[in-house]
file input-v6.cif (mmCIF, C-alpha atoms and all ligand atoms)
data_data
loop_
_atom_site.label_atom_id
_atom_site.label_comp_id
_atom_site.auth_asym_id
_atom_site.auth_seq_id
_atom_site.Cartn_x
_atom_site.Cartn_y
_atom_site.Cartn_z
CA MET V 1 -153.37 85.51 -27.08
CA SER V 2 -151.62 82.33 -26.01
CA ILE V 3 -153.14 78.86 -26.21
CA ALA V 4 -153.53 78.90 -22.43
CA GLU V 5 -155.32 82.26 -22.53
CA ASN V 6 -157.60 81.05 -25.30
CA ILE V 7 -158.49 77.91 -23.37
CA ALA V 8 -159.26 79.95 -20.25
CA ALA V 9 -161.48 82.31 -22.26
CA ILE V 10 -163.32 79.41 -23.87
CA ARG V 11 -163.89 77.73 -20.51
CA THR V 12 -165.50 80.93 -19.25
CA ARG V 13 -167.84 80.98 -22.25
CA ILE V 14 -168.56 77.25 -21.89
CA ASP V 15 -169.42 77.80 -18.23
CA ALA V 16 -171.84 80.63 -19.01
CA ALA V 17 -173.64 78.58 -21.66
CA ALA V 18 -173.71 75.50 -19.44
CA ARG V 19 -175.24 77.48 -16.57
CA GLU V 20 -178.17 78.39 -18.83
CA THR V 21 -179.05 74.70 -18.73
CA GLY V 22 -178.32 74.11 -15.04
CA ARG V 23 -174.82 72.77 -15.59
CA THR V 24 -171.29 74.17 -15.31
CA ALA V 25 -168.07 73.97 -17.30
CA ALA V 26 -167.20 70.85 -15.27
CA ASP V 27 -169.99 69.02 -17.10
CA ILE V 28 -168.61 69.83 -20.55
CA THR V 29 -165.60 68.05 -22.06
CA LEU V 30 -163.42 70.42 -24.07
CA VAL V 31 -161.74 68.64 -26.97
CA GLY V 32 -158.94 70.61 -28.60
CA ALA V 33 -159.12 69.95 -32.33
CA SER V 34 -155.39 70.07 -32.95
CA LYS V 35 -155.19 69.27 -36.66
CA MET V 36 -152.38 71.10 -38.45
CA ASN V 37 -150.93 72.18 -35.12
CA ASP V 38 -147.63 70.64 -34.08
CA ALA V 39 -146.64 68.57 -31.06
CA ALA V 40 -145.47 71.68 -29.20
CA ALA V 41 -148.93 73.26 -29.56
CA CYS V 42 -150.55 70.03 -28.34
CA ARG V 43 -148.29 69.97 -25.28
CA GLU V 44 -149.07 73.61 -24.58
CA ALA V 45 -152.81 72.84 -24.64
CA ILE V 46 -152.32 69.87 -22.31
CA ALA V 47 -150.25 71.97 -19.91
CA ALA V 48 -153.08 74.52 -19.94
CA GLY V 49 -155.54 71.83 -18.86
CA ILE V 50 -157.36 70.87 -22.06
CA ASP V 51 -159.52 67.78 -21.36
CA VAL V 52 -158.85 65.89 -24.59
CA LEU V 53 -157.07 66.36 -27.90
CA GLY V 54 -158.83 65.36 -31.12
CA GLU V 55 -157.20 64.55 -34.43
CA ASN V 56 -158.62 64.34 -37.92
CA ARG V 57 -155.97 62.78 -40.04
CA VAL V 58 -154.49 59.37 -39.40
CA GLN V 59 -151.07 60.15 -40.80
CA GLU V 60 -150.70 63.34 -38.81
CA MET V 61 -151.89 61.64 -35.64
CA THR V 62 -149.46 58.76 -36.10
CA GLN V 63 -146.61 61.20 -36.56
CA LYS V 64 -147.58 63.22 -33.48
CA LEU V 65 -148.06 60.03 -31.43
CA SER V 66 -144.45 59.15 -32.25
CA GLU V 67 -143.46 62.55 -30.86
CA ASN V 68 -145.44 61.94 -27.63
CA ALA V 69 -147.55 64.99 -28.44
CA TYR V 70 -150.57 63.78 -26.45
CA GLU V 71 -148.87 62.65 -23.25
CA GLY V 72 -151.04 63.61 -20.30
CA ALA V 73 -154.38 63.86 -22.10
CA PRO V 74 -156.82 61.43 -23.67
CA LEU V 75 -156.89 61.32 -27.47
CA HIS V 76 -159.93 61.17 -29.74
CA PHE V 77 -160.13 60.55 -33.45
CA ILE V 78 -162.65 63.01 -34.87
CA GLY V 79 -162.07 62.98 -38.63
CA HIS V 80 -163.33 60.97 -41.55
CA LEU V 81 -161.92 57.47 -41.15
CA GLN V 82 -161.25 55.26 -44.14
CA ARG V 83 -161.61 51.53 -43.66
CA ASN V 84 -158.05 50.82 -44.70
CA LYS V 85 -156.76 53.09 -41.92
CA VAL V 86 -158.81 51.63 -39.08
CA LYS V 87 -155.84 49.51 -37.95
CA GLN V 88 -153.85 52.66 -37.28
CA VAL V 89 -156.53 54.12 -35.04
CA VAL V 90 -158.19 51.31 -33.06
CA GLY V 91 -156.46 50.87 -29.70
CA LYS V 92 -154.48 54.07 -30.21
CA VAL V 93 -157.24 56.46 -29.18
CA ASP V 94 -159.63 56.59 -26.25
CA LEU V 95 -162.65 57.39 -28.41
CA ILE V 96 -163.37 57.30 -32.13
CA GLU V 97 -166.01 60.02 -32.47
CA SER V 98 -166.63 59.71 -36.17
CA VAL V 99 -168.12 56.29 -36.91
CA GLY V 100 -170.63 56.90 -39.65
CA SER V 101 -171.21 53.67 -41.56
CA ALA V 102 -172.00 50.00 -40.97
CA GLU V 103 -168.86 49.03 -42.89
CA LEU V 104 -166.75 51.10 -40.54
CA LEU V 105 -168.43 49.52 -37.50
CA GLN V 106 -167.64 46.06 -38.86
CA GLU V 107 -164.03 46.92 -39.59
CA ILE V 108 -163.47 48.45 -36.14
CA GLU V 109 -164.99 45.32 -34.60
CA LYS V 110 -162.62 43.12 -36.59
CA VAL V 111 -159.50 45.04 -35.61
CA ALA V 112 -160.55 45.45 -31.96
CA ALA V 113 -161.29 41.71 -31.74
CA LYS V 114 -157.80 40.90 -33.00
CA LEU V 115 -156.33 43.19 -30.35
CA ASP V 116 -158.70 41.72 -27.75
CA ILE V 117 -159.90 45.16 -26.69
CA VAL V 118 -163.19 47.02 -26.58
CA GLN V 119 -163.03 50.25 -28.57
CA ASP V 120 -165.17 53.16 -27.37
CA ILE V 121 -166.87 55.04 -30.19
CA LEU V 122 -169.52 57.62 -30.97
CA LEU V 123 -171.95 57.19 -33.83
CA GLU V 124 -171.75 60.14 -36.19
CA VAL V 125 -175.05 61.44 -37.48
CA ASN V 126 -175.29 63.47 -40.66
CA ILE V 127 -177.84 65.77 -39.10
CA GLY V 128 -178.11 68.18 -42.03
CA GLY V 129 -178.55 65.37 -44.56
CA GLU V 130 -175.64 66.79 -46.51
CA GLU V 131 -174.38 64.87 -49.51
CA ALA V 132 -170.74 65.72 -48.88
CA LYS V 133 -170.72 64.79 -45.19
CA SER V 134 -170.24 61.38 -43.68
CA GLY V 135 -172.36 59.96 -40.90
CA PHE V 136 -175.53 57.95 -40.55
CA ALA V 137 -178.74 59.55 -41.77
CA PRO V 138 -180.98 60.34 -38.78
CA GLU V 139 -183.44 57.69 -39.98
CA ALA V 140 -180.68 55.08 -40.09
CA LEU V 141 -179.32 55.79 -36.64
CA ALA V 142 -181.45 53.33 -34.68
CA ASP V 143 -180.42 50.49 -36.99
CA ALA V 144 -176.78 51.50 -36.61
CA ALA V 145 -177.13 51.55 -32.83
CA ALA V 146 -178.72 48.10 -32.98
CA LEU V 147 -175.93 46.75 -35.16
CA ALA V 148 -173.26 48.18 -32.84
CA LYS V 149 -174.89 46.43 -29.90
CA THR V 150 -174.22 43.08 -31.54
CA LEU V 151 -170.49 43.81 -31.86
CA PRO V 152 -168.72 42.71 -28.67
CA HIS V 153 -165.53 44.70 -29.22
CA ILE V 154 -167.29 48.02 -29.69
CA ARG V 155 -168.90 50.16 -27.00
CA VAL V 156 -171.06 53.05 -28.15
CA ARG V 157 -170.83 55.99 -25.75
CA GLY V 158 -173.07 58.44 -27.60
CA LEU V 159 -173.42 60.60 -30.68
CA MET V 160 -171.36 63.10 -32.64
CA ALA V 161 -172.59 65.55 -35.25
CA ILE V 162 -171.28 68.31 -37.47
CA PRO V 163 -174.21 70.42 -38.68
CA PRO V 164 -174.11 72.49 -41.89
CA VAL V 165 -172.09 75.70 -42.00
CA GLU V 166 -174.23 78.37 -40.35
CA THR V 167 -175.76 80.93 -42.68
CA GLU V 168 -177.33 83.01 -39.89
CA PRO V 169 -176.61 83.45 -36.19
CA HIS V 170 -177.97 80.56 -34.12
CA GLY V 171 -178.89 78.79 -37.38
CA ASN V 172 -177.70 75.45 -36.05
CA LEU V 173 -179.86 75.39 -32.95
CA PRO V 174 -182.56 73.25 -34.64
CA TYR V 175 -179.93 70.72 -35.77
CA PHE V 176 -178.41 70.55 -32.32
CA ALA V 177 -181.86 70.04 -30.82
CA LYS V 178 -182.52 67.21 -33.25
CA VAL V 179 -179.29 65.43 -32.30
CA GLN V 180 -180.16 65.84 -28.62
CA SER V 181 -183.56 64.29 -29.16
CA LEU V 182 -182.11 61.34 -31.09
CA PHE V 183 -179.59 60.87 -28.30
CA VAL V 184 -182.21 60.77 -25.55
CA ASP V 185 -184.54 58.55 -27.54
CA ILE V 186 -182.07 55.89 -28.68
CA SER V 187 -180.13 55.83 -25.42
CA ALA V 188 -183.36 55.24 -23.50
CA LYS V 189 -184.86 52.70 -25.85
CA MET V 190 -181.77 50.66 -26.66
CA TYR V 191 -178.94 51.45 -24.24
CA ASP V 192 -180.56 51.68 -20.77
CA ASN V 193 -179.80 55.42 -20.80
CA GLU V 194 -176.10 54.61 -20.62
CA TRP V 195 -174.96 56.85 -23.45
CA GLU V 196 -172.75 59.52 -21.98
CA TYR V 197 -171.46 61.85 -24.68
CA ILE V 198 -173.15 64.13 -27.11
CA SER V 199 -170.33 65.70 -29.10
CA MET V 200 -171.40 68.79 -30.99
CA GLY V 201 -170.24 72.38 -31.24
CA MET V 202 -167.09 73.94 -32.73
CA SER V 203 -165.41 77.36 -32.51
CA GLY V 204 -168.30 79.22 -34.11
CA ASP V 205 -171.24 77.57 -32.41
CA PHE V 206 -170.23 75.70 -29.24
CA GLU V 207 -172.36 77.88 -26.98
CA ASP V 208 -175.52 77.08 -28.93
CA ALA V 209 -174.56 73.41 -28.97
CA ILE V 210 -174.23 73.45 -25.18
CA ARG V 211 -177.55 75.27 -24.82
CA ALA V 212 -179.09 72.42 -26.83
CA GLY V 213 -177.57 69.75 -24.60
CA SER V 214 -174.05 69.06 -25.89
CA ASN V 215 -171.56 67.91 -23.26
CA MET V 216 -168.53 67.58 -25.53
CA VAL V 217 -167.34 70.41 -27.78
CA ARG V 218 -164.56 70.19 -30.35
CA VAL V 219 -162.78 73.50 -30.63
CA GLY V 220 -159.85 74.18 -32.96
CA THR V 221 -159.49 77.71 -34.29
CA ALA V 222 -160.55 79.45 -31.08
CA ILE V 223 -157.78 77.63 -29.20
CA PHE V 224 -154.94 77.28 -31.69
CA GLY V 225 -155.65 80.17 -34.06
CA ALA V 226 -156.48 80.01 -37.76
CA ARG V 227 -155.09 76.98 -39.56
CA ASN V 228 -152.57 77.65 -42.31
CA TYR V 229 -153.69 75.56 -45.27
CA THR V 230 -150.88 76.84 -47.50
CA LYS V 231 -148.13 75.17 -45.45
C1 LIG V 301 -161.48 70.98 -37.26
C2 LIG V 301 -162.60 70.32 -36.57
C3 LIG V 301 -163.22 70.91 -35.49
C4 LIG V 301 -162.86 72.27 -34.96
O1 LIG V 301 -163.22 73.26 -35.88
P1 LIG V 301 -163.01 74.82 -35.52
O2 LIG V 301 -164.04 75.50 -36.31
O3 LIG V 301 -161.62 75.16 -35.93
O4 LIG V 301 -163.22 74.96 -34.06
C5 LIG V 301 -164.24 70.21 -34.85
N1 LIG V 301 -164.63 68.99 -35.27
C6 LIG V 301 -164.06 68.39 -36.31
C7 LIG V 301 -164.53 67.07 -36.72
C8 LIG V 301 -163.04 69.04 -37.00
O5 LIG V 301 -162.51 68.45 -38.06
#
call {"tool": "encode", "arguments": {"input": "input-v6.cif", "output": "structure tokens"}}
result
Amino acid sequence: MSIAENIAAIRTRIDAAARETGRTAADITLVGASKMNDAAACREAIAAGIDVLGENRVQEMTQKLSENAYEGAPLHFIGHLQRNKVKQVVGKVDLIESVGSAELLQEIEKVAAKLDIVQDILLEVNIGGEEAKSGFAPEALADAAALAKTLPHIRVRGLMAIPPVETEPHGNLPYFAKVQSLFVDISAKMYDNEWEYISMGMSGDFEDAIRAGSNMVRVGTAIFGARNYTK
């Protein structure tokens, strides 16, 4: 199957899941998680109508930016971001989805202020409370949202979450539901209901994420094929 065929098949599945909640595929942003796929693969996805491309690694993204890999589509940063690499990301991407600490918020503010821009971000929530994962603890999310509101060069557009690896079918539905409820609650109480994006769902679970209210899914393997980690 080609990248274009994969994207078409995923859109059909997205549409079916969205319709269960009174929406359609048009309401769901499909982010192609293009890590470890080259510029040609990115261009193929853009030609096939992907909404957004998402990158995980700063170095790889910088390289692919220099090859104009993302021309014609918005770009998101979706990976773990180290403070010392913030400069290479702020102003280069339309949305940083993975902002999971107060330190990172402060650093993005500093760099965005220097550039005199407002950087759109999502707050990442560590919804499974996993030691190895980044993101704000659910209990810390309201404070993080409050802090972000005080930073004039940052605009929070919503939440992103990566739940634990599923151990049974539909095992992540409760996590997705929890993210959805945090989203509704904090957006209403602190952001005049202006939050727009709830980014959750990957190749293995995007339909459940959509059923639980996601409107932005990040899909890699199901679009680009299995990643080759031995390269
Ligand atoms: C790689 C990645 C994805 C996509 O994962 P697949 O299982 O390949 O669809 C989504 N989100 C993030 C943050 C990723 O790093």
call {"tool": "closest_residue", "arguments": {"input": "input-v6.cif", "among": "V:Val86, V:Ile117, V:Val219, V:Ala4", "to": "Val31 (chain V)", "atoms": "all atoms listed in the file"}}
result
V:Val219
call {"tool": "closest_residue", "arguments": {"input": "input-v6.cif", "among": "V:Asn172, V:Thr150, V:Gln63, V:Ser98", "to": "Met202 (chain V)", "atoms": "only C-alpha atoms"}}
result
V:Asn172
call {"tool": "atom_distance", "arguments": {"input": "input-v6.cif", "atom1": "CA of Gly220 (chain V)", "atom2": "CA of Gln59 (chain V)"}}
result
18.3 Å
call {"tool": "atom_distance", "arguments": {"input": "input-v6.cif", "atom1": "CA of Tyr70 (chain V)", "atom2": "CA of Ile7 (chain V)"}}
result
16.5 Å
call {"tool": "closest_atom_pairs", "arguments": {"input": "input-v6.cif", "of": "chain V", "to": "ligand LIG 301 (chain V)", "cutoff": "7 Å", "atoms": "only C-alpha atoms and all ligand atoms", "output": "JSON lines"}}
result
{"residue": "V:Ala33", "atom": "CA", "partner": "V:LIG301", "partner_atom": "C4", "distance": 5.1}
{"residue": "V:Lys35", "atom": "CA", "partner": "V:LIG301", "partner_atom": "C1", "distance": 6.5}
{"residue": "V:Asn56", "atom": "CA", "partner": "V:LIG301", "partner_atom": "O5", "distance": 5.7}
{"residue": "V:Ile78", "atom": "CA", "partner": "V:LIG301", "partner_atom": "C7", "distance": 4.8}
{"residue": "V:Gly79", "atom": "CA", "partner": "V:LIG301", "partner_atom": "C7", "distance": 5.1}
{"residue": "V:Ile162", "atom": "CA", "partner": "V:LIG301", "partner_atom": "C7", "distance": 6.9}
{"residue": "V:Met202", "atom": "CA", "partner": "V:LIG301", "partner_atom": "O4", "distance": 4.2}
{"residue": "V:Ser203", "atom": "CA", "partner": "V:LIG301", "partner_atom": "O4", "distance": 3.6}
{"residue": "V:Gly204", "atom": "CA", "partner": "V:LIG301", "partner_atom": "O2", "distance": 6.1}
{"residue": "V:Arg218", "atom": "CA", "partner": "V:LIG301", "partner_atom": "C5", "distance": 4.5}
{"residue": "V:Val219", "atom": "CA", "partner": "V:LIG301", "partner_atom": "O4", "distance": 3.8}
{"residue": "V:Gly220", "atom": "CA", "partner": "V:LIG301", "partner_atom": "O3", "distance": 3.6}
{"residue": "V:Thr221", "atom": "CA", "partner": "V:LIG301", "partner_atom": "O3", "distance": 3.7}
{"residue": "V:Ala222", "atom": "CA", "partner": "V:LIG301", "partner_atom": "O4", "distance": 6.0}
call {"tool": "closest_residue", "arguments": {"input": "input-v6.cif", "among": "V:Leu53, V:Cys42, V:Val93, V:Leu122", "to": "Glu67 (chain V)", "atoms": "all atoms listed in the file"}}
result
V:Cys42
call {"tool": "closest_residue", "arguments": {"input": "input-v6.cif", "among": "V:Leu151, V:Met216, V:Ala113, V:Leu104", "to": "Gly54 (chain V)", "atoms": "all atoms listed in the file"}}
result
V:Met216
call {"tool": "residues_around", "arguments": {"input": "input-v6.cif", "residues": "Ile96 (chain V)", "least_positions_apart": "6", "cutoff": "10 Å", "atoms": "all atoms listed in the file", "output": "VMD selection string"}}
result
chain V and resid 54 to 55 75 to 79 81 89 to 90 108 119 to 124 156 to 157 160
call {"tool": "atom_distance", "arguments": {"input": "input-v6.cif", "atom1": "CA of Gly32 (chain V)", "atom2": "CA of Phe176 (chain V)"}}
result
19.8 Å
call {"tool": "axis_aligned_box", "arguments": {"input": "input-v6.cif", "around": "region 142-145 of chain V", "padding_each_side": "3 Å", "output": "JSON"}}
result
{"center_x": -179.1, "center_y": 51.9, "center_z": -34.9, "size_x": 10.7, "size_y": 8.8, "size_z": 10.2}
call {"tool": "closest_residue", "arguments": {"input": "input-v6.cif", "among": "V:Asn37, V:Ile28, V:Gly100, V:Ile50", "to": "Ala8 (chain V)", "atoms": "only C-alpha atoms"}}
result
V:Ile50
call {"tool": "closest_residue", "arguments": {"input": "input-v6.cif", "among": "V:Ala144, V:Ile210, V:Val118, V:Ala25", "to": "Met190 (chain V)", "atoms": "all atoms listed in the file"}}
result
V:Ala144
call {"tool": "build_atoms", "arguments": {"input": "input-v6.cif", "residues": "region 45-74 of chain V", "atoms": "N, CA and C atoms", "output": "mmCIF file, in the coordinates of the input"}}
result
data_model
loop_
_atom_site.group_PDB
_atom_site.id
_atom_site.type_symbol
_atom_site.label_atom_id
_atom_site.label_comp_id
_atom_site.auth_asym_id
_atom_site.auth_seq_id
_atom_site.Cartn_x
_atom_site.Cartn_y
_atom_site.Cartn_z
ATOM 1 N N ALA V 45 -151.382 72.965 -24.989
ATOM 2 C CA ALA V 45 -152.810 72.840 -24.640
ATOM 3 C C ALA V 45 -152.983 71.901 -23.445
ATOM 4 N N ILE V 46 -152.211 70.823 -23.420
ATOM 5 C CA ILE V 46 -152.320 69.870 -22.310
ATOM 6 C C ILE V 46 -151.849 70.526 -21.007
ATOM 7 N N ALA V 47 -150.758 71.270 -21.095
ATOM 8 C CA ALA V 47 -150.250 71.970 -19.910
ATOM 9 C C ALA V 47 -151.267 72.979 -19.398
ATOM 10 N N ALA V 48 -152.070 73.523 -20.317
ATOM 11 C CA ALA V 48 -153.080 74.520 -19.940
ATOM 12 C C ALA V 48 -154.386 73.857 -19.502
ATOM 13 N N GLY V 49 -154.397 72.526 -19.451
ATOM 14 C CA GLY V 49 -155.540 71.830 -18.860
ATOM 15 C C GLY V 49 -156.647 71.441 -19.831
ATOM 16 N N ILE V 50 -156.333 71.349 -21.125
ATOM 17 C CA ILE V 50 -157.360 70.870 -22.060
ATOM 18 C C ILE V 50 -157.787 69.458 -21.626
ATOM 19 N N ASP V 51 -159.056 69.099 -21.826
ATOM 20 C CA ASP V 51 -159.520 67.780 -21.360
ATOM 21 C C ASP V 51 -159.049 66.660 -22.275
ATOM 22 N N VAL V 52 -159.075 66.928 -23.585
ATOM 23 C CA VAL V 52 -158.850 65.890 -24.590
ATOM 24 C C VAL V 52 -158.239 66.569 -25.806
ATOM 25 N N LEU V 53 -157.426 65.846 -26.570
ATOM 26 C CA LEU V 53 -157.070 66.360 -27.900
ATOM 27 C C LEU V 53 -157.746 65.472 -28.940
ATOM 28 N N GLY V 54 -158.146 66.089 -30.045
ATOM 29 C CA GLY V 54 -158.830 65.360 -31.120
ATOM 30 C C GLY V 54 -158.103 65.561 -32.428
ATOM 31 N N GLU V 55 -157.885 64.465 -33.133
ATOM 32 C CA GLU V 55 -157.200 64.550 -34.430
ATOM 33 C C GLU V 55 -158.092 64.081 -35.569
ATOM 34 N N ASN V 56 -157.833 64.624 -36.727
ATOM 35 C CA ASN V 56 -158.620 64.340 -37.920
ATOM 36 C C ASN V 56 -157.977 63.417 -38.915
ATOM 37 N N ARG V 57 -156.666 63.488 -38.967
ATOM 38 C CA ARG V 57 -155.970 62.780 -40.040
ATOM 39 C C ARG V 57 -155.067 61.716 -39.436
ATOM 40 N N VAL V 58 -155.196 60.512 -39.970
ATOM 41 C CA VAL V 58 -154.490 59.370 -39.400
ATOM 42 C C VAL V 58 -152.981 59.567 -39.475
ATOM 43 N N GLN V 59 -152.514 60.017 -40.622
ATOM 44 C CA GLN V 59 -151.070 60.150 -40.800
ATOM 45 C C GLN V 59 -150.482 61.181 -39.833
ATOM 46 N N GLU V 60 -151.163 62.296 -39.718
ATOM 47 C CA GLU V 60 -150.700 63.340 -38.810
ATOM 48 C C GLU V 60 -150.734 62.869 -37.360
ATOM 49 N N MET V 61 -151.778 62.151 -37.008
ATOM 50 C CA MET V 61 -151.890 61.640 -35.640
ATOM 51 C C MET V 61 -150.777 60.646 -35.333
ATOM 52 N N THR V 62 -150.504 59.768 -36.289
ATOM 53 C CA THR V 62 -149.460 58.760 -36.100
ATOM 54 C C THR V 62 -148.100 59.430 -35.889
ATOM 55 N N GLN V 63 -147.852 60.436 -36.688
ATOM 56 C CA GLN V 63 -146.610 61.200 -36.560
ATOM 57 C C GLN V 63 -146.516 61.854 -35.168
ATOM 58 N N LYS V 64 -147.599 62.509 -34.766
ATOM 59 C CA LYS V 64 -147.580 63.220 -33.480
ATOM 60 C C LYS V 64 -147.561 62.242 -32.301
ATOM 61 N N LEU V 65 -148.164 61.063 -32.473
ATOM 62 C CA LEU V 65 -148.060 60.030 -31.430
ATOM 63 C C LEU V 65 -146.594 59.645 -31.228
ATOM 64 N N SER V 66 -145.859 59.539 -32.341
ATOM 65 C CA SER V 66 -144.450 59.150 -32.250
ATOM 66 C C SER V 66 -143.618 60.244 -31.582
ATOM 67 N N GLU V 67 -144.155 61.449 -31.543
ATOM 68 C CA GLU V 67 -143.460 62.550 -30.860
ATOM 69 C C GLU V 67 -144.002 62.768 -29.444
ATOM 70 N N ASN V 68 -144.827 61.831 -28.975
ATOM 71 C CA ASN V 68 -145.440 61.940 -27.630
ATOM 72 C C ASN V 68 -146.203 63.254 -27.443
ATOM 73 N N ALA V 69 -146.862 63.693 -28.490
ATOM 74 C CA ALA V 69 -147.550 64.990 -28.440
ATOM 75 C C ALA V 69 -148.728 65.000 -27.473
ATOM 76 N N TYR V 70 -149.303 63.824 -27.205
ATOM 77 C CA TYR V 70 -150.570 63.780 -26.450
ATOM 78 C C TYR V 70 -150.385 63.308 -25.016
ATOM 79 N N GLU V 71 -149.117 63.174 -24.581
ATOM 80 C CA GLU V 71 -148.870 62.650 -23.250
ATOM 81 C C GLU V 71 -149.564 63.518 -22.200
ATOM 82 N N GLY V 72 -150.367 62.884 -21.375
ATOM 83 C CA GLY V 72 -151.040 63.610 -20.300
ATOM 84 C C GLY V 72 -152.484 63.959 -20.599
ATOM 85 N N ALA V 73 -152.971 63.609 -21.784
ATOM 86 C CA ALA V 73 -154.380 63.860 -22.100
ATOM 87 C C ALA V 73 -154.933 62.712 -22.938
ATOM 88 N N PRO V 74 -156.205 62.427 -22.787
ATOM 89 C CA PRO V 74 -156.820 61.430 -23.670
ATOM 90 C C PRO V 74 -156.817 61.937 -25.121
#
